[in-house]
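First up is the structure itself, then whatever we jot down about it.
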Amino acid sequence: MASVSAAESTPVVGSPEVTVECVDVCKTYRQGDLEVVGLDHVSLTIEKGEFVSLSAPSGGGKTTLLNTIGGLDPPDSGRITVAGTRVDGLGKAERARLRLEKIGFVFQAYNLIPVLTARENVEFVMQVQGVATATRRDRASAVLAQVGLDGLGDRRPTQMSGGQQQRVAVARAIASEPAIVLADEPTANLDSSSSQQLMELFVELNESLGSTFVIATHDLQVMGYTRRQVRLLDGRIVGDGPPETASHS
Amino acid sequence: MRSLLAFAWLNVQLAWRNLWRNYRRTLIMLAAIVLGAWSMIFMASLARGMVTQMVRDGLRALPGHVQIHHPEYREDPTVVNSMPPLSSELRSSLESESVVAWTSRVRVPAVITSERDTRGVTLVGIDPERERLLSFVADDLAEGRFLEGSDDKGLIVGRKLLERLETDLGKRVVVMSQDPENDVAERGFRIVGVFDSDLAVFEEGFVFAGEAIVQQMLRIGEQASEIAIIGDDYRDAERLAADVAVAAGGELQVEPWMELDPMLQTMMGLLDAFILVFVVIIFMALSFGLVNTLVMAVFERTREIGLMLALGVAPRSIVAQVIVECVLLLLVGLAVGNLLAWLTVSALSDGIDISMVAEGMADYGVGSVITPRLGLRDLAIANLTVLILGFLASLSPALRASRLEPVKALSES
Ligand SMILES: Nc1ncnc2c1ncn2[C@@H]1O[C@H](COP(=O)(O)OP(=O)(O)OP(=O)(O)O)[C@@H](O)[C@H]1O
Ligand SMILES: [Mg+2]
């Protein structure tokens, strides 16, 4: 990154403050003869420590954008850089590696491996990364405490509530200290009080640890917790700024 | 390296727990594997026991791991083709350490006549002291006494022959053969002993007399028809034969039992193939259930496999998980199956009497009692074959699992 020619380099690329940069990202899905726009020339920069919500009506492209940034789905064109690594053009195995090393994921549901306990789920990514046992243990304990699941480490997912399961997922996502945590509608399956608690947890982690979060949601209440709201419509960015609905003080 | 080990351990842990998620299906599959493993190993040990018995019987009936003859004797086993008395060199080689026992025999075709009947037999002149060490006649003597020396004037016959001749222990018979000049050589014997044998041909076709007496009767001085040698292990017969051949010089023919009775040798070779085929067939039957179990297991876990892939787990590690799961299942099944087979074989260590169901078998050189034998080699063949084939069978579901699209698999409902 340091040796990029002056003409091509933009001031922010490669800067340690920039975690995600998307430039002109396009993605089209083909359903038979039909072409569906996923992303339409999306350009976006997310800096380290930001807490961003991604809002759009259903089908607006939230998941598509998160998946292209997270290396789950390659874009058709455009440039994506995550923590200094170009994501577009990476092969399958390289994308898997990127996901493992740089990105924390929280999905809407089915986040946890059913045969592993909460603690083992939190350790899972670190274990695959090859983190030494002792370090892993300590880290898992610390993170479980941070998400407020102190005594529940030995429970299996089926022995926990939906909110608790999502907390475990958040714990796993931050445990390996990724460059960014991508959460795709993490509260969609939760009741409103669990959903509130989870958002408060995100806020707290963002403030205390400086973790970078991007949370896709179409829930106004959820957006209210974030500090920046990126609005998508039909795969295009139609708004970027402080959240419109300030229901949260 | 350590992280690789930790990762392998993680896969084993995951696989093991996943196995017991649907414990009923796993138990059913396990039962099938146990039954399969048990039957392969038990069948193999039965077959092995049978063939070992045949080889042993065959060796004892010949008998000897190695035999020395006049070069023409095997083509034309008559008195004309007798060997001269032992050279001192050969004798000292027979006294060497690798030889456990040896004996010389006169062995010629003859006719035996009782008051009632006449039958063709093989007359064997033996040195009872030496013969005792390698032949079965002494052990299997059912009635009367064994010969007491090379110049014992008695005759030992098989029970079947005794019945055919309608004679009895203590009665006299006449044995007739030819001397080297083609003159009739005959002699009267008293039947002093009767032997039983698993081999009908043997019981009916062989009579034993003192070697010196037979030499006298045939007017051949100290010549013999064959020298039979036993070494430490019948499987080492070829080496023993080679050693002895050096001492015997070019005049004599020295052969290990594999050449004397190629049939036995072929049987042993066939047995290995038979066991392998049997193991493969049973595995085939198992493999349908096994592959089905794995396909189901992978199908049920589509979403969590998608999750793991999404989190950045390498596809080959998903492959490993499914294979490990299959191998674990097989290992548990094999362990129990092996144990059961071992218990069964131990319980049957006195042999299974098959005379009820297989009366005719004796005519083919198979004893009427089969003692199953658990050979390490057969165990290895069965277990390794199952593991290797199981590994191969798990490849397809494993690869299928690893090729799931994480995004699609995750959103599967
Ligand atoms: N795998 C796919 N195949 C075909 N079309 C797809 C696929 N994934 C997404 N799309 C389409 O791309 C567009 C954007 O979808 P996306 O899932 O990103 O929207 P979203 O904002 O996440 O919606 P939701 O709120 O329903 O999750 C939609 O029109 C959708 O139908
Ligand atoms: Mg979505």
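Residues are named by chain letter and number: chains run A, B, ... in the order of the structure tokens, numbers start at 1 in each chain, and ligands are numbered from 1 in the order shown.
Using only C-alpha atoms and all ligand atoms as the basis for the distance check, residues found within 8 Å of ligand 2 are Ser58, Gly59, Gly61, Lys62, Thr63, Thr64, Asp184, Glu185 and Ala216 of chain A.
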Shell of 9 Å around ligand 1 (only C-alpha atoms and all ligand atoms), written as number ranges by chain:
A: 27-31, 35-39, 54-67, 184-185, 216-218, 232-235; B: 407-408
inquiry  = I need the residues of stretch 99-209 of chain A that end up classed as strand (DSSP E or B) by DSSP on the backbone, written out as a PyMOL selection string.
reply    = chain A and resi 103-106+180-184
How about saving the chosen residues, N, CA, C and O atoms kept, as a short mmCIF file (atom, residue, chain, number, x, y, z; two decimals), in the first residue's frame?
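The resulting file, selection.cif, is shown below:
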```cif
data_model
loop_
_atom_site.label_atom_id
_atom_site.label_comp_id
_atom_site.auth_asym_id
_atom_site.auth_seq_id
_atom_site.Cartn_x
_atom_site.Cartn_y
_atom_site.Cartn_z
N ILE A 103 -12.45 -10.03 10.00
CA ILE A 103 -13.84 -9.62 10.13
C ILE A 103 -14.59 -10.43 11.18
O ILE A 103 -14.42 -11.65 11.29
N GLY A 104 -15.37 -9.72 11.98
CA GLY A 104 -16.26 -10.39 12.92
C GLY A 104 -17.67 -10.37 12.35
O GLY A 104 -18.10 -9.37 11.79
N PHE A 105 -18.35 -11.53 12.44
CA PHE A 105 -19.69 -11.58 11.88
C PHE A 105 -20.73 -11.84 12.97
O PHE A 105 -20.53 -12.68 13.85
N VAL A 106 -21.85 -11.10 12.87
CA VAL A 106 -23.02 -11.45 13.67
C VAL A 106 -24.17 -11.56 12.68
O VAL A 106 -24.44 -10.61 11.95
N ILE A 180 -13.21 -5.08 11.81
CA ILE A 180 -14.58 -4.57 11.76
C ILE A 180 -15.56 -5.70 12.07
O ILE A 180 -15.27 -6.86 11.77
N VAL A 181 -16.66 -5.32 12.72
CA VAL A 181 -17.70 -6.31 12.98
C VAL A 181 -18.89 -5.98 12.10
O VAL A 181 -19.39 -4.84 12.12
N LEU A 182 -19.32 -6.95 11.30
CA LEU A 182 -20.47 -6.75 10.42
C LEU A 182 -21.64 -7.54 10.99
O LEU A 182 -21.55 -8.75 11.19
N ALA A 183 -22.73 -6.81 11.28
CA ALA A 183 -23.89 -7.48 11.87
C ALA A 183 -25.10 -7.27 10.98
O ALA A 183 -25.48 -6.13 10.71
N ASP A 184 -25.63 -8.39 10.47
CA ASP A 184 -26.76 -8.30 9.54
C ASP A 184 -28.06 -8.57 10.29
O ASP A 184 -28.37 -9.71 10.60
#
```
What is the atom CA of A:Thr158 to atom CA of A:Arg119 distance in Å?
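For atom CA of A:Thr158 relative to atom CA of A:Arg119, the distance reads 13.7 Å.
Of the listed residues A:Arg97, A:Lys48, A:Arg136, A:Arg227, the one whose atoms come nearest to chain B is A:Arg97, with distances taken using only C-alpha atoms.
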* To do: Tell me the residues of chain A close to chain B, meaning within 8 Å using only C-alpha atoms, as a VMD selection string.
  => chain A and resid 72 to 73 93 95 to 101 104 to 105 110 to 113 115 to 116 125 127 to 128 130 to 132
Near-A:Glu204 list (10 Å; only C-alpha atoms; drop same-chain fewer than 6 positions) as a list in words: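 Residues near the query, excluding close chain neighbours: Gln146, Val147, Leu198, Gly210 and Ser211 of chain A.
Put simply, atom CA of A:Leu149 is 23.9 Å away from atom CA of A:Gly49.
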Could you name the residues that touch stretch 153-163 of chain B at 7 Å or less, counting only C-alpha atoms, but leaving out those on the same chain fewer than 3 positions away, as a list in words? Leu147, Glu166, Thr167, Asp168, Phe189, Arg190, Ile191, Val192, Gly193, Val194, Phe195, Asp196, Glu203, Glu204, Phe206, Val207, Phe208, Ala209, Gly210 and Ile213 of chain B
Residues just named, written with N, CA and C atoms as an mmCIF file, in the first residue's frame:
```
data_model
loop_
_atom_site.group_PDB
_atom_site.id
_atom_site.type_symbol
_atom_site.label_atom_id
_atom_site.label_comp_id
_atom_site.auth_asym_id
_atom_site.auth_seq_id
_atom_site.Cartn_x
_atom_site.Cartn_y
_atom_site.Cartn_z
ATOM 1 N N LEU B 147 4.317 -99.119 17.248
ATOM 2 C CA LEU B 147 5.491 -99.955 16.994
ATOM 3 C C LEU B 147 6.579 -99.619 18.015
ATOM 4 N N GLU B 166 -12.404 -106.501 7.029
ATOM 5 C CA GLU B 166 -13.186 -107.336 7.949
ATOM 6 C C GLU B 166 -12.281 -108.171 8.837
ATOM 7 N N THR B 167 -11.250 -107.496 9.315
ATOM 8 C CA THR B 167 -10.344 -108.203 10.222
ATOM 9 C C THR B 167 -10.307 -107.433 11.534
ATOM 10 N N ASP B 168 -9.355 -107.710 12.397
ATOM 11 C CA ASP B 168 -9.376 -107.085 13.714
ATOM 12 C C ASP B 168 -7.982 -107.001 14.305
ATOM 13 N N PHE B 189 2.065 -110.080 8.706
ATOM 14 C CA PHE B 189 2.165 -109.180 9.858
ATOM 15 C C PHE B 189 1.000 -109.441 10.797
ATOM 16 N N ARG B 190 1.235 -109.170 12.076
ATOM 17 C CA ARG B 190 0.109 -109.161 12.998
ATOM 18 C C ARG B 190 -0.295 -107.698 13.225
ATOM 19 N N ILE B 191 -1.586 -107.445 13.170
ATOM 20 C CA ILE B 191 -2.047 -106.075 13.403
ATOM 21 C C ILE B 191 -1.953 -105.780 14.892
ATOM 22 N N VAL B 192 -1.082 -104.804 15.234
ATOM 23 C CA VAL B 192 -0.885 -104.511 16.654
ATOM 24 C C VAL B 192 -1.513 -103.182 17.070
ATOM 25 N N GLY B 193 -1.843 -102.343 16.062
ATOM 26 C CA GLY B 193 -2.402 -101.038 16.429
ATOM 27 C C GLY B 193 -3.364 -100.539 15.360
ATOM 28 N N VAL B 194 -4.326 -99.737 15.797
ATOM 29 C CA VAL B 194 -5.299 -99.157 14.869
ATOM 30 C C VAL B 194 -5.320 -97.651 15.095
ATOM 31 N N PHE B 195 -5.261 -96.895 13.984
ATOM 32 C CA PHE B 195 -5.310 -95.433 14.165
ATOM 33 C C PHE B 195 -6.557 -94.834 13.522
ATOM 34 N N ASP B 196 -6.937 -93.684 14.090
ATOM 35 C CA ASP B 196 -8.025 -92.893 13.504
ATOM 36 C C ASP B 196 -7.403 -91.685 12.827
ATOM 37 N N GLU B 203 -6.782 -92.999 6.440
ATOM 38 C CA GLU B 203 -7.193 -94.103 7.307
ATOM 39 C C GLU B 203 -7.372 -95.387 6.510
ATOM 40 N N GLU B 204 -7.693 -95.222 5.262
ATOM 41 C CA GLU B 204 -8.000 -96.375 4.432
ATOM 42 C C GLU B 204 -6.793 -96.849 3.643
ATOM 43 N N PHE B 206 -3.196 -96.246 4.232
ATOM 44 C CA PHE B 206 -1.818 -96.342 4.711
ATOM 45 C C PHE B 206 -1.673 -97.403 5.795
ATOM 46 N N VAL B 207 -0.616 -98.201 5.696
ATOM 47 C CA VAL B 207 -0.289 -99.136 6.782
ATOM 48 C C VAL B 207 1.168 -98.914 7.162
ATOM 49 N N PHE B 208 1.459 -99.092 8.449
ATOM 50 C CA PHE B 208 2.802 -98.792 8.955
ATOM 51 C C PHE B 208 3.445 -100.024 9.572
ATOM 52 N N ALA B 209 4.723 -100.205 9.215
ATOM 53 C CA ALA B 209 5.482 -101.308 9.791
ATOM 54 C C ALA B 209 6.872 -100.792 10.147
ATOM 55 N N GLY B 210 7.666 -101.599 10.837
ATOM 56 C CA GLY B 210 9.020 -101.181 11.174
ATOM 57 C C GLY B 210 9.852 -101.037 9.903
ATOM 58 N N ILE B 213 12.179 -103.968 9.095
ATOM 59 C CA ILE B 213 11.422 -105.134 8.633
ATOM 60 C C ILE B 213 11.037 -104.981 7.169
#
```
Report task. Would you please give, as a PyMOL selection string, all residues of stretch 193-299 of chain B that DSSP assigns to helix (DSSP H, G or I) based on the backbone? Result -> chain B and resi 200-205+211-218+234-248+257-260+262-299
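Distance check against B:Val51 using only C-alpha atoms: of B:Leu395, B:Thr266, B:Glu97, B:Val298, the minimum falls on B:Thr266.
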